[in-house]
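Colleague: Contents are mmCIF, C-alpha atoms and all ligand atoms; file name final_12.cif:
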```cif
data_structure
#
loop_
_atom_site.label_atom_id
_atom_site.label_comp_id
_atom_site.auth_asym_id
_atom_site.auth_seq_id
_atom_site.Cartn_x
_atom_site.Cartn_y
_atom_site.Cartn_z
CA MET A 1 3.05 28.63 -2.29
CA ALA A 2 -0.36 26.97 -2.01
CA GLN A 3 0.10 24.20 0.55
CA ILE A 4 -1.60 20.89 0.02
CA LYS A 5 -2.76 18.50 2.73
CA GLU A 6 -0.05 15.94 1.94
CA GLN A 7 2.64 18.61 2.38
CA ARG A 8 1.11 19.58 5.74
CA ILE A 9 1.22 15.93 6.84
CA LEU A 10 4.89 15.69 5.86
CA ASP A 11 5.72 19.00 7.58
CA TYR A 12 3.99 17.80 10.76
CA VAL A 13 6.09 14.61 10.69
CA LEU A 14 9.34 16.48 10.02
CA GLN A 15 8.63 18.83 12.93
CA ASN A 16 7.14 16.38 15.44
CA ALA A 17 8.44 12.86 14.81
CA ILE A 18 11.79 11.24 15.57
CA LYS A 19 14.01 10.98 12.48
CA GLY A 20 14.90 7.36 11.70
CA ASN A 21 12.12 5.97 13.89
CA PRO A 22 9.52 4.37 11.54
CA GLN A 23 6.94 3.52 14.20
CA ASN A 24 7.08 7.04 15.66
CA ILE A 25 6.54 8.48 12.17
CA VAL A 26 3.55 6.18 11.58
CA ASP A 27 2.12 7.26 14.95
CA ALA A 28 2.68 10.94 14.10
CA ILE A 29 0.81 10.61 10.78
CA ASP A 30 -2.06 8.85 12.59
CA LYS A 31 -2.16 11.59 15.23
CA TYR A 32 -2.26 14.36 12.62
CA CYS A 33 -4.85 12.65 10.42
CA SER A 34 -7.16 11.73 13.29
CA GLU A 35 -6.94 15.14 15.01
CA MET A 36 -6.32 17.66 12.22
CA GLU A 37 -7.05 16.49 8.65
CA TRP A 38 -8.44 13.17 7.43
CA ALA A 39 -6.25 11.49 4.79
CA MET A 40 -6.39 8.16 2.98
CA ASN A 41 -3.55 6.38 4.81
CA VAL A 42 -4.42 2.79 5.64
CA GLY A 43 -4.41 3.88 9.29
CA ASN A 44 -3.60 2.03 12.50
CA GLU A 45 -6.58 -0.33 12.81
CA LYS A 46 -6.12 -1.80 9.33
CA GLY A 47 -2.37 -1.16 9.69
CA LEU A 48 -2.11 -3.66 12.55
CA ILE A 49 -3.78 -6.30 10.33
CA LEU A 50 -1.35 -5.37 7.52
CA ASP A 51 1.59 -5.72 9.94
CA LYS A 52 0.44 -9.18 11.06
CA ILE A 53 0.03 -10.48 7.50
CA VAL A 54 3.38 -9.03 6.36
CA SER A 55 5.12 -10.58 9.40
CA GLU A 56 3.48 -13.98 8.76
CA THR A 57 4.48 -13.82 5.06
CA ASN A 58 8.02 -12.57 5.81
CA PRO A 59 8.36 -11.54 2.14
CA ALA A 60 11.63 -11.19 0.24
CA THR A 61 9.89 -9.30 -2.57
CA VAL A 62 7.08 -6.75 -2.06
CA LEU A 63 5.01 -4.67 -4.50
CA GLU A 64 2.71 -1.85 -3.39
CA LEU A 65 0.20 -0.22 -5.72
CA GLY A 66 -0.54 3.29 -4.45
CA THR A 67 2.22 4.85 -2.31
CA TYR A 68 0.39 8.08 -1.33
CA CYS A 69 2.37 9.74 1.54
CA GLY A 70 4.34 6.59 2.29
CA TYR A 71 2.47 5.58 5.47
CA SER A 72 1.97 1.91 4.50
CA GLY A 73 5.40 1.87 2.88
CA VAL A 74 7.02 2.82 6.19
CA ARG A 75 4.86 0.29 8.08
CA ILE A 76 5.83 -2.53 5.70
CA ALA A 77 9.50 -1.55 5.34
CA GLN A 78 10.16 -1.73 9.09
CA LEU A 79 9.03 -5.39 9.06
CA LEU A 80 11.17 -6.56 6.12
CA LYS A 81 14.25 -8.74 6.53
CA PRO A 82 17.60 -7.31 5.35
CA GLY A 83 18.04 -7.53 1.59
CA ALA A 84 14.31 -7.65 0.85
CA CYS A 85 13.19 -5.88 -2.35
CA PHE A 86 10.27 -3.43 -1.96
CA LEU A 87 8.84 -1.61 -5.02
CA THR A 88 5.97 0.88 -4.71
CA ILE A 89 4.12 2.39 -7.69
CA GLU A 90 2.68 5.92 -7.47
CA LYS A 91 1.01 7.70 -10.38
CA ASN A 92 0.61 11.11 -8.72
CA PRO A 93 4.00 12.91 -8.88
CA VAL A 94 3.18 15.13 -5.90
CA HIS A 95 2.35 12.10 -3.73
CA ALA A 96 5.55 10.42 -4.94
CA ALA A 97 7.64 13.46 -3.94
CA ILE A 98 6.05 13.54 -0.48
CA ALA A 99 6.54 9.79 0.01
CA LYS A 100 10.20 10.02 -1.05
CA GLN A 101 10.83 12.58 1.70
CA MET A 102 8.82 10.48 4.19
CA PHE A 103 10.96 7.41 3.44
CA GLU A 104 14.20 9.42 3.77
CA PHE A 105 13.11 10.83 7.14
CA ALA A 106 12.05 7.37 8.33
CA GLY A 107 15.43 5.92 7.33
CA VAL A 108 13.89 3.30 5.03
CA LYS A 109 14.98 4.94 1.75
CA GLU A 110 17.41 2.09 0.99
CA LYS A 111 14.66 -0.55 1.36
CA ILE A 112 12.05 1.03 -0.92
CA GLN A 113 12.10 2.04 -4.57
CA ILE A 114 9.30 4.41 -5.68
CA LEU A 115 8.33 3.81 -9.32
CA GLU A 116 6.53 6.87 -10.69
CA GLY A 117 3.79 6.07 -13.15
CA SER A 118 0.65 3.96 -13.41
CA SER A 119 0.44 0.27 -12.55
CA GLU A 120 -0.75 -0.68 -16.04
CA GLU A 121 2.33 0.84 -17.65
CA ILE A 122 4.89 -0.28 -15.02
CA ILE A 123 3.78 -3.85 -14.14
CA PRO A 124 4.61 -5.19 -17.65
CA LYS A 125 8.15 -3.81 -17.30
CA LEU A 126 8.94 -5.13 -13.83
CA LYS A 127 10.69 -8.32 -14.96
CA SER A 128 12.80 -6.69 -17.67
CA LYS A 129 13.53 -3.24 -16.25
CA TYR A 130 13.55 -3.96 -12.48
CA LYS A 131 14.96 -7.50 -12.50
CA VAL A 132 11.98 -8.85 -10.54
CA ASN A 133 10.99 -12.50 -10.85
CA THR A 134 7.88 -12.93 -8.64
CA PHE A 135 6.40 -11.11 -5.65
CA ASP A 136 5.82 -12.74 -2.27
CA PHE A 137 3.54 -9.94 -1.03
CA ILE A 138 1.47 -7.31 -2.89
CA PHE A 139 -0.42 -4.49 -1.12
CA ILE A 140 -3.17 -3.08 -3.36
CA ASP A 141 -4.26 0.43 -2.34
CA HIS A 142 -4.69 2.47 -5.53
CA TRP A 143 -7.79 3.22 -7.65
CA SER A 144 -10.35 0.53 -6.90
CA ASP A 145 -11.30 0.16 -10.58
CA ARG A 146 -7.72 -1.00 -11.21
CA TYR A 147 -7.74 -3.81 -8.61
CA VAL A 148 -9.08 -6.50 -11.00
CA PRO A 149 -7.24 -5.49 -14.19
CA ASP A 150 -3.95 -5.20 -12.29
CA THR A 151 -4.44 -8.56 -10.55
CA LYS A 152 -4.98 -10.13 -13.98
CA LEU A 153 -1.97 -8.24 -15.34
CA LEU A 154 0.22 -9.58 -12.51
CA GLU A 155 -0.94 -13.12 -13.41
CA GLU A 156 -0.33 -12.62 -17.13
CA CYS A 157 3.14 -11.16 -16.54
CA GLY A 158 4.11 -14.20 -14.47
CA LEU A 159 4.74 -12.07 -11.40
CA LEU A 160 2.78 -14.35 -9.04
CA LYS A 161 3.96 -17.70 -7.74
CA LYS A 162 2.29 -20.38 -5.58
CA GLY A 163 1.81 -18.71 -2.19
CA SER A 164 1.99 -15.08 -3.36
CA VAL A 165 -0.14 -13.02 -0.98
CA LEU A 166 -2.29 -10.18 -2.33
CA LEU A 167 -3.77 -7.84 0.29
CA ALA A 168 -6.32 -5.27 -0.89
CA ASP A 169 -7.41 -2.18 1.06
CA ASN A 170 -10.90 -0.61 0.92
CA VAL A 171 -12.80 -3.62 -0.32
CA VAL A 172 -15.87 -2.37 1.60
CA TYR A 173 -15.38 1.42 1.59
CA PRO A 174 -15.07 2.97 -0.99
CA GLY A 175 -15.45 -0.67 -2.12
CA ALA A 176 -14.04 -3.04 -4.73
CA PRO A 177 -16.95 -5.42 -5.39
CA ASP A 178 -15.59 -6.67 -8.71
CA PHE A 179 -12.26 -7.54 -7.02
CA LEU A 180 -14.05 -9.50 -4.26
CA GLN A 181 -16.10 -11.34 -6.86
CA TYR A 182 -13.04 -12.08 -9.01
CA VAL A 183 -10.73 -13.49 -6.34
CA ARG A 184 -13.48 -15.27 -4.39
CA ASN A 185 -14.82 -17.04 -7.49
CA CYS A 186 -11.43 -17.89 -8.96
CA VAL A 187 -10.11 -21.34 -7.97
CA ARG A 188 -6.58 -19.99 -8.13
CA TYR A 189 -7.07 -17.84 -5.01
CA GLU A 190 -7.66 -18.70 -1.37
CA CYS A 191 -9.43 -15.67 0.17
CA THR A 192 -9.78 -14.31 3.70
CA ASN A 193 -11.69 -11.17 4.69
CA TYR A 194 -10.50 -8.96 7.57
CA PRO A 195 -13.33 -6.67 8.72
CA SER A 196 -12.13 -3.35 10.08
CA HIS A 197 -13.00 0.35 9.74
CA LEU A 198 -12.11 3.13 7.34
CA GLU A 199 -9.04 4.99 8.54
CA TYR A 200 -9.77 7.70 11.16
CA SER A 201 -13.51 6.92 10.88
CA ASP A 202 -16.17 4.57 12.23
CA LYS A 203 -17.37 3.62 8.75
CA GLU A 204 -17.03 -0.13 8.09
CA ASP A 205 -14.26 -1.24 5.77
CA ALA A 206 -12.20 -4.40 5.29
CA LEU A 207 -8.99 -5.85 3.90
CA GLU A 208 -9.17 -8.89 1.62
CA LYS A 209 -6.30 -11.35 1.48
CA ALA A 210 -6.06 -13.51 -1.64
CA VAL A 211 -3.35 -16.18 -1.71
CA PHE A 212 -2.38 -17.31 -5.22
CA LYS A 213 -2.45 -21.12 -5.55
CA GLY A 214 -0.36 -21.26 -8.72
O1 LIG B 1 -8.93 5.83 -3.62
C1 LIG B 1 -8.18 5.62 -2.69
N1 LIG B 1 -6.87 5.45 -2.90
C2 LIG B 1 -6.34 5.50 -4.26
C3 LIG B 1 -6.01 6.86 -4.78
C4 LIG B 1 -6.84 7.95 -4.56
C5 LIG B 1 -6.49 9.20 -5.10
C6 LIG B 1 -5.35 9.36 -5.86
C7 LIG B 1 -4.56 8.28 -6.09
C8 LIG B 1 -3.34 8.48 -6.92
N2 LIG B 1 -2.43 7.38 -6.84
C9 LIG B 1 -2.45 6.39 -7.80
C10 LIG B 1 -3.43 6.35 -8.78
C11 LIG B 1 -3.40 5.35 -9.74
C12 LIG B 1 -2.38 4.40 -9.69
N3 LIG B 1 -2.10 3.34 -10.53
N4 LIG B 1 -0.94 2.74 -10.08
C13 LIG B 1 -0.52 3.40 -9.00
C14 LIG B 1 -1.40 4.46 -8.72
C15 LIG B 1 -1.42 5.45 -7.77
C16 LIG B 1 -4.86 7.04 -5.55
C17 LIG B 1 -8.70 5.60 -1.29
C18 LIG B 1 -9.85 6.33 -1.00
C19 LIG B 1 -10.36 6.34 0.31
C20 LIG B 1 -11.58 7.13 0.61
C21 LIG B 1 -11.87 8.27 -0.14
C22 LIG B 1 -13.00 9.03 0.17
C23 LIG B 1 -13.83 8.67 1.22
F1 LIG B 1 -14.91 9.41 1.54
C24 LIG B 1 -13.53 7.55 1.96
C25 LIG B 1 -12.40 6.78 1.65
C26 LIG B 1 -9.73 5.61 1.33
C27 LIG B 1 -8.58 4.87 1.03
O2 LIG B 1 -7.95 4.12 1.98
C28 LIG B 1 -8.06 4.86 -0.28
O3 LIG B 1 -6.93 4.12 -0.52
MG MG B 2 -6.68 2.74 1.08
#
```
Show how you would write the structure in this file as structure tokens.
Ligand SMILES: O=C(NCc1cccc(CNc2ccc3[nH]ncc3c2)c1)c1cc(-c2ccc(F)cc2)cc(O)c1O
Ligand SMILES: [Mg+2]
Modeller:
Amino acid sequence: MAQIKEQRILDYVLQNAIKGNPQNIVDAIDKYCSEMEWAMNVGNEKGLILDKIVSETNPATVLELGTYCGYSGVRIAQLLKPGACFLTIEKNPVHAAIAKQMFEFAGVKEKIQILEGSSEEIIPKLKSKYKVNTFDFIFIDHWSDRYVPDTKLLEECGLLKKGSVLLADNVVYPGAPDFLQYVRNCVRYECTNYPSHLEYSDKEDALEKAVFKG
């Protein structure tokens, strides 16, 4: 069966990491992707910034756009308080299948629900179908041309409340210039930029935090 990179990453974790140990699994993915095959996980440098912002926010409800292999999902899940609700949307069914196995191995399966499909089709259904009211923390890491439309969709669907924290990956590389312009010029957001580097690379990148003011 033709193996894909994401399957090789999962296999490496299953064979080399400690089951039920989220941090060890995160470290194993970083080791594989820095030594063997580059992959678009948020990585450890930006991951530490993500950890700090999640810890400061201490969210009860989390939405992630773009699950991929589950790397950021595992990082976030290990920081959540008991009973927190974490939904992650993944359009690519192969990525979703890999992430599901990653979450099971990490022992965070009960904390995370993977919603298969695209953000534009799922976000409008979150209140009705998934009994969500608003999100305290949203990690945006899917197609960069969806960052702005999905931020507007979250507003329109009433899924943001005063203090909701949006954190967007890759705002420098590959780049999301329209997102930066939108949130930085909109009075309803308080923005902070966190310069960093592209995962497993020395190219410059950054995370952008945008706090919704209501
Ligand atoms: O593009 C990126 N990630 C998004 C992405 C990418 C591919 C597939 C999917 C399929 N998943 C998907 C799609 C649409 C969706 N709608 N709702 C959910 C949802 C889920 C998602 C990315 C790229 C680079 C990068 C690439 C090349 C390079 F040279 C340097 C850097 C680095 C990153 O950190 C990145 O995050
Ligand atoms: Mg990314």
Colleague: Restrict the calculation to only C-alpha atoms and all ligand atoms, then for each residue of chain A with any atom at most 6 Å from an atom of ligand LIG 1 (chain B) give the closest atom pair and their distance in Å to one decimal, rows by chain and rising residue number, as JSON lines.
Modeller:
```
{"residue": "A:Met40", "atom": "CA", "partner": "B:LIG1", "partner_atom": "C27", "distance": 4.4}
{"residue": "A:Asn41", "atom": "CA", "partner": "B:LIG1", "partner_atom": "O2", "distance": 5.7}
{"residue": "A:Val42", "atom": "CA", "partner": "B:LIG1", "partner_atom": "O2", "distance": 5.3}
{"residue": "A:Leu65", "atom": "CA", "partner": "B:LIG1", "partner_atom": "C13", "distance": 4.9}
{"residue": "A:Gly66", "atom": "CA", "partner": "B:LIG1", "partner_atom": "C15", "distance": 4.1}
{"residue": "A:Ile89", "atom": "CA", "partner": "B:LIG1", "partner_atom": "C13", "distance": 4.9}
{"residue": "A:Glu90", "atom": "CA", "partner": "B:LIG1", "partner_atom": "C15", "distance": 4.1}
{"residue": "A:Lys91", "atom": "CA", "partner": "B:LIG1", "partner_atom": "C15", "distance": 4.2}
{"residue": "A:Asn92", "atom": "CA", "partner": "B:LIG1", "partner_atom": "C8", "distance": 5.1}
{"residue": "A:Ser118", "atom": "CA", "partner": "B:LIG1", "partner_atom": "N4", "distance": 3.9}
{"residue": "A:Ser119", "atom": "CA", "partner": "B:LIG1", "partner_atom": "N4", "distance": 3.8}
{"residue": "A:Asp141", "atom": "CA", "partner": "B:LIG1", "partner_atom": "O3", "distance": 4.9}
{"residue": "A:His142", "atom": "CA", "partner": "B:LIG1", "partner_atom": "C2", "distance": 3.7}
{"residue": "A:Trp143", "atom": "CA", "partner": "B:LIG1", "partner_atom": "C2", "distance": 4.3}
{"residue": "A:Asn170", "atom": "CA", "partner": "B:LIG1", "partner_atom": "O2", "distance": 5.7}
{"residue": "A:Pro174", "atom": "CA", "partner": "B:LIG1", "partner_atom": "C25", "distance": 5.3}
```
Colleague: Given the selection you just returned, output its residues as a file containing C-alpha atoms, formatted as a PDB file, keeping the file's coordinate frame.
Modeller:
```pdb
ATOM      1  CA  MET A  40      -6.390   8.160   2.980  1.00  0.00           C
ATOM      2  CA  ASN A  41      -3.550   6.380   4.810  1.00  0.00           C
ATOM      3  CA  VAL A  42      -4.420   2.790   5.640  1.00  0.00           C
ATOM      4  CA  LEU A  65       0.200  -0.220  -5.720  1.00  0.00           C
ATOM      5  CA  GLY A  66      -0.540   3.290  -4.450  1.00  0.00           C
ATOM      6  CA  ILE A  89       4.120   2.390  -7.690  1.00  0.00           C
ATOM      7  CA  GLU A  90       2.680   5.920  -7.470  1.00  0.00           C
ATOM      8  CA  LYS A  91       1.010   7.700 -10.380  1.00  0.00           C
ATOM      9  CA  ASN A  92       0.610  11.110  -8.720  1.00  0.00           C
ATOM     10  CA  SER A 118       0.650   3.960 -13.410  1.00  0.00           C
ATOM     11  CA  SER A 119       0.440   0.270 -12.550  1.00  0.00           C
ATOM     12  CA  ASP A 141      -4.260   0.430  -2.340  1.00  0.00           C
ATOM     13  CA  HIS A 142      -4.690   2.470  -5.530  1.00  0.00           C
ATOM     14  CA  TRP A 143      -7.790   3.220  -7.650  1.00  0.00           C
ATOM     15  CA  ASN A 170     -10.900  -0.610   0.920  1.00  0.00           C
ATOM     16  CA  PRO A 174     -15.070   2.970  -0.990  1.00  0.00           C
TER      17      PRO A 174
END
```
Colleague: May I ask you to write as number ranges by chain all residues lying at most 12 Å from ligand MG 2 (chain B), with all atoms listed in the file counted?
Modeller: A: 39-44, 46-47, 50, 64-72, 139-144, 147, 167-176, 197-200, 205-208
Colleague: Can you tell me which residues surround A:Ala84 at a distance of at most 12 Å, considering only C-alpha atoms, apart from same-chain residues fewer than 6 positions away, and format the answer as a PyMOL selection string?
Modeller: chain A and resi 58-63+76-78+108+110-113+132+135-137
Colleague: Taking into account all atoms listed in the file, which residue in the set A:Glu190, A:Glu121, A:Glu6, A:Asp27 is nearest to A:Leu153?
Modeller: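 Smallest separation from A:Leu153 among the options: A:Glu121.
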Colleague: Enter the distance from atom CA of A:Cys33 to atom CA of A:Leu14, in Å, rounded to one decimal.
Modeller: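 That distance, rounded to one decimal, is 14.7 Å.
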Colleague: What does the structure give for the distance between atom CA of A:Ile18 and atom CA of A:Val94, in Å to one decimal?
Modeller: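 Those two atoms sit 23.5 Å apart.
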Colleague: Would you please work out which residue, of A:Tyr189, A:Phe103, A:Tyr12, A:Tyr130, is nearest to A:Cys85 when using all atoms listed in the file?
Modeller: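 For A:Cys85, the nearest of the candidates is A:Tyr130.
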Colleague: What's the separation between atom CA of A:Val211 and atom CA of A:Ile138, in Å to one decimal place?
Modeller: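 Atom CA of A:Ile138 lies 10.2 Å from atom CA of A:Val211.
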Colleague: Go through A:Gln101, A:Asn133, A:Gln181, A:Ser34 one by one, measure the shortest atom-to-atom distance of each to A:Lys161 using all atoms listed in the file, and give the residue with the smallest value.
Modeller: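 Closest residue, counting all atoms listed in the file: A:Asn133.
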Colleague: Using only C-alpha atoms, which of the listed residues (A:Lys100, A:Arg75, A:Pro149, A:Ile25) sits closest to A:Ile49?
Modeller: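 For A:Ile49, the nearest of the given residues is A:Arg75.
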Colleague: For A:Pro177, which residue out of A:Pro195, A:Ser164, A:Asp145, A:Ala106 is the nearest one, using only C-alpha atoms?
Modeller: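 Checking each candidate against A:Pro177, we get A:Asp145 as the closest.
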Colleague: Using all atoms listed in the file, which of the listed residues (A:Asp30, A:Glu45, A:Asp11, A:Glu35) sits closest to A:Tyr194?
Modeller: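 Result for the nearest residue to A:Tyr194: A:Glu45.
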Colleague: Please, can stretch 155-166 of chain A be completed to N, CA, C and O atoms and returned as a PDB file, keeping the file's coordinate frame?
Modeller:
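And here's rebuild_30.pdb as it stands now:
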```pdb
ATOM      1  N   GLU A 155      -0.886 -11.685 -13.030  1.00  0.00           N
ATOM      2  CA  GLU A 155      -0.940 -13.120 -13.410  1.00  0.00           C
ATOM      3  C   GLU A 155      -0.314 -13.298 -14.797  1.00  0.00           C
ATOM      4  O   GLU A 155       0.587 -14.113 -14.996  1.00  0.00           O
ATOM      5  N   GLU A 156      -0.784 -12.491 -15.730  1.00  0.00           N
ATOM      6  CA  GLU A 156      -0.330 -12.620 -17.130  1.00  0.00           C
ATOM      7  C   GLU A 156       1.164 -12.375 -17.281  1.00  0.00           C
ATOM      8  O   GLU A 156       1.827 -12.990 -18.105  1.00  0.00           O
ATOM      9  N   CYS A 157       1.698 -11.482 -16.457  1.00  0.00           N
ATOM     10  CA  CYS A 157       3.140 -11.160 -16.540  1.00  0.00           C
ATOM     11  C   CYS A 157       3.992 -12.152 -15.759  1.00  0.00           C
ATOM     12  O   CYS A 157       5.207 -11.962 -15.640  1.00  0.00           O
ATOM     13  N   GLY A 158       3.361 -13.165 -15.203  1.00  0.00           N
ATOM     14  CA  GLY A 158       4.110 -14.200 -14.470  1.00  0.00           C
ATOM     15  C   GLY A 158       4.781 -13.678 -13.217  1.00  0.00           C
ATOM     16  O   GLY A 158       5.830 -14.157 -12.811  1.00  0.00           O
ATOM     17  N   LEU A 159       4.149 -12.697 -12.589  1.00  0.00           N
ATOM     18  CA  LEU A 159       4.740 -12.070 -11.400  1.00  0.00           C
ATOM     19  C   LEU A 159       4.218 -12.684 -10.103  1.00  0.00           C
ATOM     20  O   LEU A 159       4.660 -12.304  -9.019  1.00  0.00           O
ATOM     21  N   LEU A 160       3.303 -13.654 -10.226  1.00  0.00           N
ATOM     22  CA  LEU A 160       2.780 -14.350  -9.040  1.00  0.00           C
ATOM     23  C   LEU A 160       3.314 -15.782  -9.040  1.00  0.00           C
ATOM     24  O   LEU A 160       3.480 -16.394 -10.091  1.00  0.00           O
ATOM     25  N   LYS A 161       3.571 -16.291  -7.839  1.00  0.00           N
ATOM     26  CA  LYS A 161       3.960 -17.700  -7.740  1.00  0.00           C
ATOM     27  C   LYS A 161       3.053 -18.346  -6.698  1.00  0.00           C
ATOM     28  O   LYS A 161       2.337 -17.645  -5.969  1.00  0.00           O
ATOM     29  N   LYS A 162       3.079 -19.666  -6.596  1.00  0.00           N
ATOM     30  CA  LYS A 162       2.290 -20.380  -5.580  1.00  0.00           C
ATOM     31  C   LYS A 162       2.611 -19.798  -4.209  1.00  0.00           C
ATOM     32  O   LYS A 162       3.775 -19.745  -3.831  1.00  0.00           O
ATOM     33  N   GLY A 163       1.593 -19.287  -3.520  1.00  0.00           N
ATOM     34  CA  GLY A 163       1.810 -18.710  -2.190  1.00  0.00           C
ATOM     35  C   GLY A 163       1.913 -17.195  -2.171  1.00  0.00           C
ATOM     36  O   GLY A 163       1.920 -16.588  -1.094  1.00  0.00           O
ATOM     37  N   SER A 164       1.967 -16.557  -3.347  1.00  0.00           N
ATOM     38  CA  SER A 164       1.990 -15.080  -3.360  1.00  0.00           C
ATOM     39  C   SER A 164       0.750 -14.557  -2.645  1.00  0.00           C
ATOM     40  O   SER A 164      -0.357 -15.021  -2.880  1.00  0.00           O
ATOM     41  N   VAL A 165       0.956 -13.583  -1.763  1.00  0.00           N
ATOM     42  CA  VAL A 165      -0.140 -13.020  -0.980  1.00  0.00           C
ATOM     43  C   VAL A 165      -0.508 -11.645  -1.522  1.00  0.00           C
ATOM     44  O   VAL A 165       0.334 -10.747  -1.573  1.00  0.00           O
ATOM     45  N   LEU A 166      -1.772 -11.492  -1.936  1.00  0.00           N
ATOM     46  CA  LEU A 166      -2.290 -10.180  -2.330  1.00  0.00           C
ATOM     47  C   LEU A 166      -3.145  -9.681  -1.174  1.00  0.00           C
ATOM     48  O   LEU A 166      -3.958 -10.451  -0.626  1.00  0.00           O
TER      49      LEU A 166
END
```
